[in-house]
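To start, the structure under review is shown below, and the notes come after it.
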Amino acid sequence: MTDNFKNWTLTNTRTGVWLDAFHVNAADVGLAGNWSVKKATLRAGPSDGIDILDVDNGALRFSVLPTRGMGLWRGEYRGMRLGWQPPLSGPVHPKFVNADAHGGIGWLAGFDEWMCRCGLAWNGPPGDDGGAKLTLHGRIANLPASHVAVGVQTNSPHTIAVQGVTHEGGLFLANLRLTTHYYTEPGAHWVQIHDTVENLSSRPAELQMLYHCNWGPPCPVLEEGSKVLAPFRTVAPLTPRAAEGIDTFDVYGPPTPGFAEQVYACQMLEDSQGWTLALVQNPAADKGAVVYWRPRELPCFTIWKNTAAVEDGYVTGLEPATNFPNFKGFERQQGRVIVLPPGGSWECTWGIEVYDTAEGVATVHKRIADIEHTGTRVVNRVPTAGFCPV
Amino acid sequence: MTDNFKNWTLTNTRTGVWLDAFHVNAADVGLAGNWSVKKATLRAGPSDGIDILDVDNGALRFSVLPTRGMGLWRGEYRGMRLGWQPPLSGPVHPKFVNADAHGGIGWLAGFDEWMCRCGLAWNGPPGDDGGAKLTLHGRIANLPASHVAVGVQTNSPHTIAVQGVTHEGGLFLANLRLTTHYYTEPGAHWVQIHDTVENLSSRPAELQMLYHCNWGPPCPVLEEGSKVLAPFRTVAPLTPRAAEGIDTFDVYGPPTPGFAEQVYACQMLEDSQGWTLALVQNPAADKGAVVYWRPRELPCFTIWKNTAAVEDGYVTGLEPATNFPNFKGFERQQGRVIVLPPGGSWECTWGIEVYDTAEGVATVHKRIADIEHTGTRVVNRVPTAGFCPV
Amino acid sequence: MTDNFKNWTLTNTRTGVWLDAFHVNAADVGLAGNWSVKKATLRAGPSDGIDILDVDNGALRFSVLPTRGMGLWRGEYRGMRLGWQPPLSGPVHPKFVNADAHGGIGWLAGFDEWMCRCGLAWNGPPGDDGGAKLTLHGRIANLPASHVAVGVQTNSPHTIAVQGVTHEGGLFLANLRLTTHYYTEPGAHWVQIHDTVENLSSRPAELQMLYHCNWGPPCPVLEEGSKVLAPFRTVAPLTPRAAEGIDTFDVYGPPTPGFAEQVYACQMLEDSQGWTLALVQNPAADKGAVVYWRPRELPCFTIWKNTAAVEDGYVTGLEPATNFPNFKGFERQQGRVIVLPPGGSWECTWGIEVYDTAEGVATVHKRIADIEHTGTRVVNRVPTAGFCPV
């Protein structure tokens with residue numbers, strides 16, 4: 001973080017820094033406003049040992065989990081809850097997660113975040129990738145950050161920043177370093193994310209990154225009649241099950257016991273600056289959440305509809321990514337696995353916005369419409385070559 | 001816990017409550033007697049991070065392990081040790097247990113309790129259950145409780161209660177919540193257990209529960225010539241190996257290096273109130289331990305004879321359960337896997353009693369005899385259809 | 001530790017002793033010299049929860065990791081770094097290591113030590129050993145010690161000792177207890193290790209032990225042109241890949257991106273007292289490290305050449321062991337798996353020396369030469385029966 005930031009190091013495993021608790025607010029640094037950043041260590045139960053960092057910009061609050069690869073756990077915007085409620089008691093410390101369990105889907109026993117990363121060496125379903133045993137959605141969400149810092153910009157706009165470094169390594173394994181930054185400003189309705197993944201190896205390394213952003217009760221943007229709006233260029237169901245719902249791929253049904261998930265692979269139109277976005281809004285169109293990104297960095301967008309019963313995790317995922325969530329071998333064939341050269345790096349800027357008024361949601365409609373008229377939308381009605389194995 | 005209880009919350013992960021240490025005794029609450037409840041956190045070695053709760057009613061002491069699914073670790077009754085000594089240094093924190101290890105029997109690396117639960121979604125041996133990879137005896141013994149409370153009844157009989165809630169969950173996995181209560185009274189020779197398992201899902205959920213109660217040195221009820229007495233209705237060896245010992249299924253041999261375990265599946269007669277019991281007593285019949293339960297709730301009783309050398313874990317298990325410890329697929333075929341409806345629950349009351357006098361043991365003989373004359377005992381000499389795959 | 005030692009217990013899980021931090025130095029006990037022993041608990045990141053014990057004899061410093069089976073993490077001798085740098089952020093707590101991951105090579109995600117033990121029930125590559133699923137290099141490096149003590153000899157030579165006890169156990173699993181002692185003296189350039197492994201079972205137990213001693217940057221003994229010198233009796237490449245480099249098996253190339261490891265199995269000549277040694281020295285022959293041992297206790301010596309790029313873990317392993325690092329089944333056929341009788345034990349004394357002058361290295365050359373002229377060296381040019389499957 002640069003010169004006009006005041007910075008605090010909360011964790012640095014090399015120098016032995018770790019703060020069990022930490023708190024700073026605007027007054028502490030002689031600034032106006034009611035923002036604060038606070039860090040605690042959770043104890044007991046499945047969360048025992050988790051570092052949790054609560055950033056409150058005065059309007060938007062979000063919790064970062066350094067112990068779970070810097071994922072975003074939960075949030076709240078002016079009283080509106082953000083995230084979802086899976087059928088577990090989280091957040092779950094990685095020591096209670098065994099990725100290999102249940103035939104390679106043990107990751108699900110810790111999957112609890114508003115936003116978690118799937119990667120870095122791979123994501124997607126488990127399987128045998130030429131001798132390498134891949135588990136669901138990779139290692140990064142269950143790896144602890146070894147460096148965590150907080151910064152506040154002393155001059156306007158008083159950006160609040162959280163930085164974390166997580167290493168996905170091991171001899172003969174990947175050697176990838178993720179450096180994450182979260183940025184927000186006092187009173188803002190958004191958090192912006194900047195990630196860099198470096199290949200620390202002397203050899204080319206594969207990278208897959210999917211940002212699993214999840215919305216469900218108690219977050220009010222998802223209910224029966226909620227919609228996802230976005231400047232889609234192409235939509236394709238990933239499975240026959242998803243094809244069944246293609247006519248309503250962008251509309252959400254009510255919580256439905258036993259609902260089997262439907263997944264749609266999408267490519268997006270973008271604005272002249274290369275940005276695109278997706279909005280999930282409630283039926284009244286007065287509450288919504290936006291994910292925005294650049295298709296140049298994240299060319300693949302996945303909509304995950306899992307409108308099961310509330311108690312089973314009624315949820316939708318809006319997932320900008322480097323790839324679609326097919327098995328890595330298939331994605332590699334499609335050219336959708338990034339290969340980082342030795343010492344090379346990949347980076348990405350994207351963000352989340354939250355709206356709690358009809359006026360706010362309407363501004364998003366306008367932004368989507370402005371992009372939509374730059375192209376046409378193709379909706380494939382069946383699983384389609386290139387998007388998934390057919 | 002109801003109105004006339006004084007209660008303390010030791011752990012509540014939702015509200016961030018966790019007590020590193022806790023202590024209360026009779027004097028602290030203005031009562032007579034020398035009971036106490038104390039909580040500590042174990043550090044270092046395989047036990048690092050384990051919460052342990054010692055309940056001492058003045059005569060009977062037992063340790064509850066919230067970190068291991070509310071299992072009972074060890075006990076002592078007027079100087080008589082309760083439990084057993086497996087060949088490991090426990091109790092073992094779940095972070096050192098990998099259930100998938102050794103081909104799915106990694107659970108054994110943490111198996112150390114006087115009484116532990118096997119379940120909730122399954123128990124029994126590892127294997128492939130229609131695509132689901134089951135590991136030995138399920139997840140519950142390696143899941144930490146997220147809520148722990150202690151209560152003391154301020155009026156007579158001054159019941160001492162421990163409550164714990166453990167969640168076996170995960171998206172697309174089971175969503176079962178176990179609420180455990182342990183009850184004892186000042187000076188009592190017993191601990192009573194009340195468990196409720198709720199299916200929090202909108203869909204039917206399978207449940208298997210086996211209470212693995214283990215007795216071996218330094219507990220004096222098991223030695224050469226010890227016996228198990230109970231009002232058996234039917235006894236069947238689970239394997240050819242068990243059939244070899246059918247003539248002495250209820251008598252224990254000496255510690256025997258290399259002894260291969262023998263397991264017997266039993267159905268029980270019950271008293272007019274629906275209760276049954278099993279006693280393991282020493283040859284002098286002046287020390288004994290009883291497990292009592294209702295076959296309506298726990299229709300299957302298993303005797304586990306593992307009279308290996310003391311250093312290899314000379315032990316017997318008395319195991320009331322919803323099922324026999326065969327692979328879940330077989331038990332399902334026999335109708336012995338409980339299916340809980342959405343939101344449904346299962347509950348069970350049972351207990352353990354300890355005796356250290358001949359007179360005490362004789363009273364148990366009388367109770368058993370009173371039930372035995374209500375029916376007849378059938379002992380199958382070979383593995384028998386319905387009890388195990390034949 | 002005997003009478004003229006002053007001792008401190010840092011960990012004893014049976015009695016509930018655990019010191020979060022500990023420090024003692026010469027002055028504290030009224031002795032001259034500038035040695036010290038200090039214990040800390042690491043927090044956050046992959047190291048969270050690790051106990052680390054730093055022994056500084058005034059010239060040589062080394063870190064012992066009780067939480068990782070008493071391995072030696074890093075060292076330093078008069079400013080010369082000891083150890084290596086694998087592509088991970090260690091040391092790694094076992095709770096973040098899943099041995100079964102990646103098809104049984106998950107051990108690599110924690111492999112970070114200057115010296116770690118591979119064993120105890122098995123070492124070598126993963127595989128199915130008659131139904132038992134073995135994972136790479138066994139359990140011991142990811143098991144925490146349950147007893148740790150430090151002692152200082154109050155009379156000359158004021159030996160500094162560290163003792164640790166680690167139990168590799170579990171019902172129906174191995175029941176082996178490792179008691180480790182590290183010894184050094186004020187100002188010494190060496191650390192001596194004494195290990196005892198006891199079979200606590202009533203039944204015979206298999207034992208494999210390999211001491212994985214690793215040297216690489218920032219330790220200056222390994223660079224292009226470094227050599228391994230030793231009184232070899234027989235050398236055999238373990239694989240065709242190793243055979244490719246047989247002409248230079250004892251010379252190290254530069255860091256080479258993509259270098260595939262080469263492994264050589266060696267038998268050693270020994271001196272009249274039964275000792276042998278191996279030296280890895282830099283090209284200038286003014287820095288070197290020695291491993292010394294007795295082939296009677298450790299008959300197999302393995303050279304691991306992994307001269308990959310520095311960022312991928314440029315490293316060599318000098319590995320005295322009870323066996324070669326082939327799959328356990330093959331080693332058993334060759335009679336190289338130790339069988340301990342009930343209650344039996346195995347013990348071993350060996351050590352590491354460090355040199356930072358040409359004179360020092362020359363004294364090692366002399367010791368090697370003195371042993372070499374007692375026999376002849378046979379170098380097999382291809383994988384050879386008896387050393388590896390052919």
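The way I read the labels, and the way they are meant: chains A, B, ... in the order of the structure tokens, residue 1 as the first residue of every chain, and ligand 1 as the first ligand shown, with later ones counted on from there.
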Contact residues (chain B, partner chain C, 10 Å, only C-alpha atoms) as an NGL selection string: :B and (41-49 or 85-91 or 93-98 or 100-112 or 255-258 or 260 or 308-313)
Residue list (alpha helix (DSSP H), DSSP) for stretch 44-160 of chain B, as a VMD selection string: chain B and resid 101 to 104
Contact residues around stretch 269-277 of chain B with only C-alpha atoms at 8 Å, ignoring same-chain residues under 2 positions, as a ChimeraX atom specification: /B:230-233,267,279,290-296,368,370-372,374-375
Could you please take those selected residues and save N, CA, C and O atoms as a PDB file, in the first residue's frame?
```pdb
ATOM      1  N   ALA B 230     -27.249 -60.377  30.359  1.00  0.00           N
ATOM      2  CA  ALA B 230     -28.322 -59.534  29.829  1.00  0.00           C
ATOM      3  C   ALA B 230     -29.492 -60.419  29.451  1.00  0.00           C
ATOM      4  O   ALA B 230     -29.327 -61.626  29.235  1.00  0.00           O
ATOM      5  N   PRO B 231     -30.682 -59.856  29.392  1.00  0.00           N
ATOM      6  CA  PRO B 231     -31.849 -60.633  28.968  1.00  0.00           C
ATOM      7  C   PRO B 231     -31.901 -60.758  27.450  1.00  0.00           C
ATOM      8  O   PRO B 231     -32.689 -60.079  26.783  1.00  0.00           O
ATOM      9  N   PHE B 232     -31.052 -61.631  26.940  1.00  0.00           N
ATOM     10  CA  PHE B 232     -30.964 -61.793  25.488  1.00  0.00           C
ATOM     11  C   PHE B 232     -32.199 -62.503  24.949  1.00  0.00           C
ATOM     12  O   PHE B 232     -32.666 -63.482  25.525  1.00  0.00           O
ATOM     13  N   ARG B 233     -32.689 -62.040  23.851  1.00  0.00           N
ATOM     14  CA  ARG B 233     -33.734 -62.750  23.121  1.00  0.00           C
ATOM     15  C   ARG B 233     -33.095 -63.562  21.995  1.00  0.00           C
ATOM     16  O   ARG B 233     -33.362 -64.747  21.835  1.00  0.00           O
ATOM     17  N   GLN B 267     -30.589 -59.200  20.019  1.00  0.00           N
ATOM     18  CA  GLN B 267     -31.871 -58.555  20.279  1.00  0.00           C
ATOM     19  C   GLN B 267     -32.262 -58.897  21.713  1.00  0.00           C
ATOM     20  O   GLN B 267     -31.921 -59.969  22.209  1.00  0.00           O
ATOM     21  N   LEU B 279     -25.034 -56.084  31.487  1.00  0.00           N
ATOM     22  CA  LEU B 279     -24.055 -55.921  32.565  1.00  0.00           C
ATOM     23  C   LEU B 279     -22.757 -56.592  32.155  1.00  0.00           C
ATOM     24  O   LEU B 279     -22.777 -57.724  31.668  1.00  0.00           O
ATOM     25  N   VAL B 290     -23.149 -51.276  33.859  1.00  0.00           N
ATOM     26  CA  VAL B 290     -24.412 -51.546  33.188  1.00  0.00           C
ATOM     27  C   VAL B 290     -24.651 -50.503  32.112  1.00  0.00           C
ATOM     28  O   VAL B 290     -24.367 -49.319  32.311  1.00  0.00           O
ATOM     29  N   VAL B 291     -25.157 -50.966  31.001  1.00  0.00           N
ATOM     30  CA  VAL B 291     -25.728 -50.056  30.012  1.00  0.00           C
ATOM     31  C   VAL B 291     -27.213 -50.383  29.963  1.00  0.00           C
ATOM     32  O   VAL B 291     -27.586 -51.553  29.876  1.00  0.00           O
ATOM     33  N   TYR B 292     -28.041 -49.369  30.075  1.00  0.00           N
ATOM     34  CA  TYR B 292     -29.498 -49.615  30.007  1.00  0.00           C
ATOM     35  C   TYR B 292     -30.113 -48.738  28.919  1.00  0.00           C
ATOM     36  O   TYR B 292     -29.643 -47.623  28.667  1.00  0.00           O
ATOM     37  N   TRP B 293     -31.124 -49.239  28.279  1.00  0.00           N
ATOM     38  CA  TRP B 293     -31.752 -48.525  27.167  1.00  0.00           C
ATOM     39  C   TRP B 293     -33.109 -49.146  26.868  1.00  0.00           C
ATOM     40  O   TRP B 293     -33.499 -50.138  27.500  1.00  0.00           O
ATOM     41  N   ARG B 294     -33.815 -48.550  25.906  1.00  0.00           N
ATOM     42  CA  ARG B 294     -35.107 -49.084  25.473  1.00  0.00           C
ATOM     43  C   ARG B 294     -34.995 -49.617  24.055  1.00  0.00           C
ATOM     44  O   ARG B 294     -34.683 -48.844  23.135  1.00  0.00           O
ATOM     45  N   PRO B 295     -35.242 -50.894  23.862  1.00  0.00           N
ATOM     46  CA  PRO B 295     -35.153 -51.463  22.512  1.00  0.00           C
ATOM     47  C   PRO B 295     -36.059 -50.765  21.498  1.00  0.00           C
ATOM     48  O   PRO B 295     -35.760 -50.786  20.300  1.00  0.00           O
ATOM     49  N   ARG B 296     -37.090 -50.144  21.961  1.00  0.00           N
ATOM     50  CA  ARG B 296     -37.919 -49.380  21.036  1.00  0.00           C
ATOM     51  C   ARG B 296     -37.102 -48.269  20.365  1.00  0.00           C
ATOM     52  O   ARG B 296     -37.296 -47.964  19.190  1.00  0.00           O
ATOM     53  N   ILE B 368     -32.038 -58.353  35.728  1.00  0.00           N
ATOM     54  CA  ILE B 368     -31.910 -59.125  34.487  1.00  0.00           C
ATOM     55  C   ILE B 368     -32.805 -60.357  34.547  1.00  0.00           C
ATOM     56  O   ILE B 368     -33.533 -60.672  33.590  1.00  0.00           O
ATOM     57  N   ASP B 370     -35.464 -60.816  36.222  1.00  0.00           N
ATOM     58  CA  ASP B 370     -36.876 -60.417  36.125  1.00  0.00           C
ATOM     59  C   ASP B 370     -37.309 -60.232  34.674  1.00  0.00           C
ATOM     60  O   ASP B 370     -38.458 -60.487  34.321  1.00  0.00           O
ATOM     61  N   ILE B 371     -36.412 -59.778  33.868  1.00  0.00           N
ATOM     62  CA  ILE B 371     -36.763 -59.631  32.450  1.00  0.00           C
ATOM     63  C   ILE B 371     -36.634 -60.960  31.717  1.00  0.00           C
ATOM     64  O   ILE B 371     -37.458 -61.297  30.866  1.00  0.00           O
ATOM     65  N   GLU B 372     -35.615 -61.724  32.081  1.00  0.00           N
ATOM     66  CA  GLU B 372     -35.349 -62.962  31.336  1.00  0.00           C
ATOM     67  C   GLU B 372     -36.530 -63.918  31.364  1.00  0.00           C
ATOM     68  O   GLU B 372     -36.789 -64.601  30.380  1.00  0.00           O
ATOM     69  N   THR B 374     -39.447 -63.410  31.062  1.00  0.00           N
ATOM     70  CA  THR B 374     -40.550 -63.023  30.172  1.00  0.00           C
ATOM     71  C   THR B 374     -40.401 -63.642  28.790  1.00  0.00           C
ATOM     72  O   THR B 374     -41.284 -63.484  27.949  1.00  0.00           O
ATOM     73  N   GLY B 375     -39.277 -64.332  28.533  1.00  0.00           N
ATOM     74  CA  GLY B 375     -39.109 -64.904  27.204  1.00  0.00           C
ATOM     75  C   GLY B 375     -38.019 -65.943  27.205  1.00  0.00           C
ATOM     76  O   GLY B 375     -37.526 -66.332  28.266  1.00  0.00           O
TER      77      GLY B 375
END
```
Selection: 12 Å around A:Gln333, only C-alpha atoms, excl. self and same-chain fewer than 4 positions, as a PyMOL selection string: chain A and resi 323+326-329+337-338+385-389
Pairwise distance for atom CA of B:Glu353 and atom CA of B:Asp195, rounded to one decimal in Å: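 Spanning atom CA of B:Glu353 to atom CA of B:Asp195 is a straight-line distance of 17.4 Å.
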